[in-house]
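A.B. asks: Sharing start-v5.txt here; it has compact mmCIF, C-alpha atoms.
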# COMPACT_ATOMS: atom_id res chain seq x y z
CA MET A 1 -11.69 -4.94 12.62
CA LEU A 2 -11.21 -3.07 9.32
CA LYS A 3 -12.88 -0.11 7.72
CA PHE A 4 -12.93 0.92 4.06
CA THR A 5 -12.26 4.61 3.40
CA GLY A 6 -13.19 5.07 -0.25
CA THR A 7 -9.47 5.37 -0.97
CA GLU A 8 -6.61 2.87 -1.31
CA GLY A 9 -6.18 2.93 2.48
CA LEU A 10 -7.75 0.62 5.05
CA ILE A 11 -8.25 1.42 8.73
CA PHE A 12 -7.65 -1.31 11.31
CA PHE A 13 -8.90 -1.23 14.92
CA ASN A 14 -10.29 2.30 14.30
CA LYS A 15 -6.85 3.88 14.71
CA ILE A 16 -4.36 2.45 12.19
CA LEU A 17 -4.31 3.58 8.55
CA VAL A 18 -2.54 1.21 6.16
CA ILE A 19 -1.45 2.13 2.62
CA SER A 20 1.01 0.54 0.21
CA ASP A 21 2.99 1.05 -2.98
CA LEU A 22 3.49 4.79 -3.27
CA HIS A 23 6.49 4.29 -5.58
CA ILE A 24 7.82 7.79 -4.97
CA GLY A 25 10.35 8.52 -7.71
CA ILE A 26 8.59 6.66 -10.51
CA GLU A 27 8.20 10.04 -12.24
CA ARG A 28 11.94 9.98 -12.94
CA GLU A 29 11.66 6.63 -14.72
CA LEU A 30 8.74 7.90 -16.79
CA TYR A 31 10.71 11.05 -17.67
CA LYS A 32 13.48 8.90 -19.12
CA LYS A 33 10.85 7.30 -21.35
CA GLY A 34 9.65 10.69 -22.61
CA ILE A 35 6.69 11.14 -20.23
CA ASN A 36 6.96 14.33 -18.19
CA ILE A 37 4.87 14.11 -15.00
CA PRO A 38 5.53 16.38 -12.00
CA SER A 39 6.28 14.95 -8.58
CA GLN A 40 3.21 13.45 -6.93
CA VAL A 41 4.46 13.92 -3.36
CA ASN A 42 2.23 16.86 -2.42
CA TYR A 43 -0.75 15.02 -3.89
CA TYR A 44 0.02 12.05 -1.61
CA ILE A 45 0.48 14.31 1.41
CA ASN A 46 -2.89 16.01 0.86
CA LYS A 47 -4.62 12.69 0.26
CA ILE A 48 -3.27 11.24 3.51
CA LYS A 49 -4.11 14.45 5.37
CA LYS A 50 -7.74 14.24 4.23
CA ILE A 51 -8.05 10.64 5.47
CA TYR A 52 -6.45 11.65 8.77
CA GLU A 53 -8.81 14.58 9.26
CA LYS A 54 -11.88 12.48 8.46
CA TYR A 55 -11.07 9.45 10.63
CA LYS A 56 -8.69 10.87 13.28
CA ILE A 57 -6.38 7.87 13.10
CA LYS A 58 -3.31 7.74 15.33
CA TYR A 59 -0.94 5.47 13.42
CA LEU A 60 0.14 5.04 9.80
CA ILE A 61 1.65 1.91 8.24
CA ILE A 62 3.21 2.18 4.78
CA ASP A 63 3.17 -1.47 3.75
CA GLY A 64 6.10 -1.47 1.34
CA ASP A 65 7.43 0.21 -1.80
CA LEU A 66 7.54 3.74 -0.46
CA LYS A 67 10.24 4.43 -3.07
CA HIS A 68 10.51 3.21 -6.65
CA ASN A 69 13.96 3.11 -8.21
CA ILE A 70 16.20 0.07 -7.73
CA PRO A 71 19.00 -0.73 -7.24
CA GLU A 72 20.06 2.91 -7.23
CA THR A 73 18.28 5.83 -5.60
CA SER A 74 17.38 8.78 -7.82
CA LEU A 75 18.00 12.42 -6.98
CA GLN A 76 14.25 12.89 -6.92
CA GLU A 77 13.89 10.26 -4.20
CA ILE A 78 16.73 11.83 -2.20
CA SER A 79 14.72 15.05 -2.22
CA ASP A 80 11.10 13.86 -2.14
CA ILE A 81 11.17 11.03 0.41
CA PRO A 82 12.61 12.95 3.39
CA TYR A 83 10.23 15.83 2.60
CA PHE A 84 7.26 13.45 2.38
CA ILE A 85 8.08 11.66 5.64
CA ASN A 86 8.71 14.91 7.52
CA GLU A 87 5.36 16.29 6.36
CA ILE A 88 3.15 13.29 7.14
CA SER A 89 4.88 12.18 10.35
CA GLN A 90 3.51 15.25 12.13
CA TYR A 91 -0.03 13.87 11.88
CA PHE A 92 0.61 10.50 13.53
CA LYS A 93 1.71 9.24 16.90
CA LYS A 94 3.78 6.58 15.10
CA LEU A 95 4.63 5.93 11.45
CA TYR A 96 5.76 2.43 10.48
CA ILE A 97 7.49 1.83 7.15
CA ILE A 98 7.49 -1.82 6.04
CA LYS A 99 10.28 -2.49 3.56
CA GLY A 100 9.20 -3.66 0.11
CA ASN A 101 11.20 -4.98 -2.80
CA HIS A 102 11.78 -1.40 -4.08
CA ASP A 103 12.88 0.03 -0.73
CA GLY A 104 16.52 -1.09 -0.61
CA ASP A 105 18.54 1.19 1.67
CA ILE A 106 15.61 3.42 2.52
CA GLU A 107 17.04 3.92 6.00
CA GLU A 108 19.63 6.23 4.43
CA LEU A 109 16.87 8.62 3.33
CA ILE A 110 14.99 8.71 6.64
CA ASN A 111 16.73 9.55 9.88
CA GLY A 112 16.31 11.77 12.90
CA ILE A 113 12.50 11.45 13.13
CA ASN A 114 11.60 9.95 16.49
CA ASN A 115 8.15 8.63 15.60
CA VAL A 116 9.21 6.80 12.41
CA LYS A 117 10.23 3.13 12.51
CA ILE A 118 11.40 0.98 9.59
CA LEU A 119 10.67 -2.76 9.75
CA LYS A 120 10.55 -5.88 7.58
CA ALA A 121 7.15 -6.82 9.02
CA LEU A 122 4.88 -5.84 11.90
CA LYS A 123 2.34 -7.77 13.96
CA ILE A 124 -0.50 -6.06 15.81
CA LYS A 125 -2.86 -8.41 17.67
CA ASN A 126 -3.59 -11.19 15.15
CA VAL A 127 -2.76 -9.12 12.04
CA VAL A 128 0.61 -9.28 10.26
CA PHE A 129 1.59 -6.39 8.00
CA THR A 130 4.25 -7.22 5.41
CA HIS A 131 4.80 -6.24 1.77
CA GLY A 132 4.31 -9.72 0.35
CA HIS A 133 7.37 -10.27 -1.82
CA LEU A 134 9.08 -12.31 0.91
CA ASN A 135 7.92 -14.67 3.62
CA THR A 136 7.85 -13.60 7.25
CA LYS A 137 8.45 -15.41 10.50
CA LEU A 138 5.56 -13.56 12.10
CA LYS A 139 2.39 -15.63 12.42
CA GLY A 140 -1.17 -14.39 12.50
CA LYS A 141 -4.71 -15.04 11.34
CA TYR A 142 -4.70 -12.07 8.94
CA TYR A 143 -1.93 -10.95 6.58
CA VAL A 144 -2.07 -7.49 5.01
CA ILE A 145 0.14 -7.15 1.95
CA GLY A 146 0.71 -4.88 -1.04
CA HIS A 147 2.96 -5.67 -4.01
CA HIS A 148 0.11 -6.68 -6.34
CA HIS A 149 -1.47 -3.37 -7.51
CA PHE A 150 -4.74 -5.19 -8.20
CA ALA A 151 -7.39 -3.68 -10.45
CA LYS A 152 -10.60 -4.94 -12.03
CA SER A 153 -11.91 -4.32 -15.53
CA ILE A 154 -15.39 -2.84 -15.26
CA SER A 155 -17.74 -2.21 -18.20
CA THR A 156 -19.54 1.12 -18.37
CA SER A 157 -23.13 1.66 -19.51
CA ILE A 158 -21.90 2.53 -23.01
CA GLY A 159 -19.79 -0.60 -23.36
CA GLU A 160 -16.36 0.82 -22.51
CA SER A 161 -14.03 -1.07 -20.18
CA ILE A 162 -12.10 0.77 -17.51
CA TYR A 163 -9.74 -0.47 -14.83
CA GLU A 164 -10.58 0.38 -11.24
CA LYS A 165 -8.32 -0.25 -8.26
CA VAL A 166 -9.72 -2.86 -5.89
CA PHE A 167 -9.09 -4.60 -2.60
CA VAL A 168 -8.83 -8.38 -2.70
CA ILE A 169 -9.39 -10.68 0.28
CA GLY A 170 -8.01 -14.18 -0.22
CA TYR A 171 -8.30 -17.35 1.81
CA LYS A 172 -5.58 -19.98 2.22
CA ASP A 173 -4.84 -22.60 4.90
CA ASN A 174 -7.24 -20.98 7.41
CA LYS A 175 -5.51 -17.64 6.87
CA VAL A 176 -7.03 -14.45 5.51
CA ILE A 177 -4.84 -12.39 3.16
CA ILE A 178 -5.83 -8.79 2.46
CA PHE A 179 -4.31 -7.24 -0.68
CA LEU A 180 -4.00 -3.46 -0.73
CA PRO A 181 -4.24 -1.57 -4.03
CA ALA A 182 -1.37 0.73 -4.98
CA PHE A 183 -1.61 4.22 -3.48
CA SER A 184 0.25 5.45 -6.55
CA ASP A 185 -1.69 6.18 -9.73
CA LEU A 186 1.45 5.70 -11.85
CA ALA A 187 2.78 2.34 -10.72
CA GLY A 188 0.77 0.14 -13.09
CA LEU A 189 -2.05 -2.32 -12.45
CA TRP A 190 -2.35 -6.11 -12.28
CA ASP A 191 -5.38 -8.18 -13.15
CA VAL A 192 -6.99 -9.77 -10.12
CA GLY A 193 -5.97 -13.41 -9.77
CA GLU A 194 -2.27 -13.13 -10.63
CA PHE A 195 -1.07 -13.96 -7.12
CA GLN A 196 2.67 -13.72 -6.57
CA GLY A 197 5.06 -14.19 -3.66
CA PRO A 198 5.18 -16.85 -0.93
CA ILE A 199 2.31 -15.41 1.10
CA ALA A 200 -0.12 -15.09 -1.82
CA LYS A 201 0.65 -18.32 -3.68
CA GLY A 202 -1.88 -21.07 -3.09
CA ILE A 203 -4.91 -18.83 -2.59
CA GLU A 204 -7.96 -21.12 -2.61
CA LYS A 205 -10.68 -18.51 -3.06
CA TYR A 206 -10.95 -14.75 -3.03
CA GLU A 207 -13.32 -11.79 -2.92
CA VAL A 208 -12.98 -8.48 -4.74
CA TYR A 209 -14.10 -5.20 -3.19
CA THR A 210 -14.31 -1.65 -4.50
CA LEU A 211 -12.42 1.08 -2.67
CA ASP A 212 -15.54 1.86 -0.64
CA GLY A 213 -16.04 -1.77 0.35
CA ILE A 214 -18.67 -3.08 -2.07
CA LEU A 215 -18.27 -6.78 -2.87
CA ILE A 216 -18.21 -7.19 -6.66
CA GLU A 217 -16.82 -10.69 -7.19
CA GLU A 218 -16.30 -14.01 -5.43
CA LYS A 219 -14.22 -16.77 -6.97
CA GLU A 220 -12.86 -20.21 -6.05
CA ILE A 221 -9.61 -21.35 -7.61
What is this file in structure tokens?
C.D. replies:
Amino acid sequence: MLKFTGTEGLIFFNKILVISDLHIGIERELYKKGINIPSQVNYYINKIKKIYEKYKIKYLIIDGDLKHNIPETSLQEISDIPYFINEISQYFKKLYIIKGNHDGDIEELINGINNVKILKALKIKNVVFTHGHLNTKLKGKYYVIGHHHFAKSISTSIGESIYEKVFVIGYKDNKVIIFLPAFSDLAGLWDVGEFQGPIAKGIEKYEVYTLDGILIEEKEI
């Protein structure tokens, strides 16, 4: 049903790429704190393009937090988000944007593109795609969420510890919850196990996978 890509994206049913938490506009927040980082939009576009060219997927789901700043929208977002969506929408038959807790009035930034649809949640077969900060009325066996930015501390051969982004698959009430890592490299990381939001709370056990799908941890709670 799903395929790891070696990136923060998963492929479902061999034709749907799912990514989450791009946080476009976070550079503006960092700039205000004295950290000057250029816009990452072209980096994201090229990264998505490479996945598209390798796997020939037809659909893209952005599973929440496309933008970063709340409650207001920055000038950078007003510029970068329409440009980003216009560029990547040309590769896909349909692009679904699931609204996350940072996405506010994102509809105001995206209009006039026929193959782009903005939703609170989406169900395809028995899989529900939603950001994870709110509950959803949609019911399925599998829930794919973002919001958590999970990473795992890994020790190197010389004793250093580094954080690596990971996928987490949790189990709860006969449901399977798949946590996507943040597509952004700037949005911060959470330790695995700090489950938040109504969908993630109550996880009974979970598995941790590297970006290329290697199981590195199993844990019961």
A.B. asks: Out of A:Ile57, A:Leu30, A:Ala151, A:Ile35, which residue has the shortest atom-to-atom distance to Lys3 in chain A when counting only C-alpha atoms?
C.D. replies: A:Ile57
A.B. asks: Would you compute the distance between CA of Val208 in chain A and CA of Phe167 in chain A? Give it in Å to one decimal.
C.D. replies: 5.9 Å
A.B. asks: Would you be able to write out as an MDAnalysis selection string which residues have an atom within 9 Å of (6.1, -0.6, -2.7) in the file's coordinates, counting only C-alpha atoms?
C.D. replies: chainID A and resid 20:24 62:68 98:103 131 146:147 182
A.B. asks: Quick one: pull the distance between CA of Phe13 in chain A and CA of Leu60 in chain A, Å, one decimal.
C.D. replies: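 Going from CA of Phe13 in chain A over to CA of Leu60 in chain A covers 12.1 Å.
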A.B. asks: When you look at Thr7 in chain A with a cut-off of 9 Å (counting all atoms listed in the file), what residues show up, excluding the ones that are within fewer than 4 positions of it in the same chain? I need them as a PyMOL selection string.
C.D. replies: chain A and resi 47+51+183+211-212
A.B. asks: For Thr5 in chain A, which residue among A:Leu134, A:Ile48, A:Ile26, A:Ile113 is the nearest when counting only C-alpha atoms?
C.D. replies: A:Ile48
A.B. asks: Counting all atoms listed in the file, figure out which residue out of A:Lys137, A:Val166, A:Leu119, A:Gln196 gets nearest to Ile214 in chain A.
C.D. replies: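 Nearest to Ile214 in chain A: A:Val166.
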A.B. asks: Record the distance separating CA of Gly197 in chain A and CA of His133 in chain A, expressed in Å with one decimal.
C.D. replies: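 A separation of 4.9 Å between them.
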A.B. asks: Tell me which protein, DNA and RNA residues are within 9 Å of range 78-84 of chain A, counting all atoms listed in the file, leaving out same-chain ones fewer than 4 positions away, and put them as number ranges by chain.
C.D. replies: A: 24-25, 39, 41-42, 44-45, 66-67, 73-74, 88-89, 109-111
A.B. asks: Could you pull the residues within 12 Å of Ile124 in chain A, counting all atoms listed in the file, minus those fewer than 6 positions along the same chain, as a VMD selection string?
C.D. replies: chain A and resid 1 12 to 13 15 to 16 59 61 96 130 138 to 144
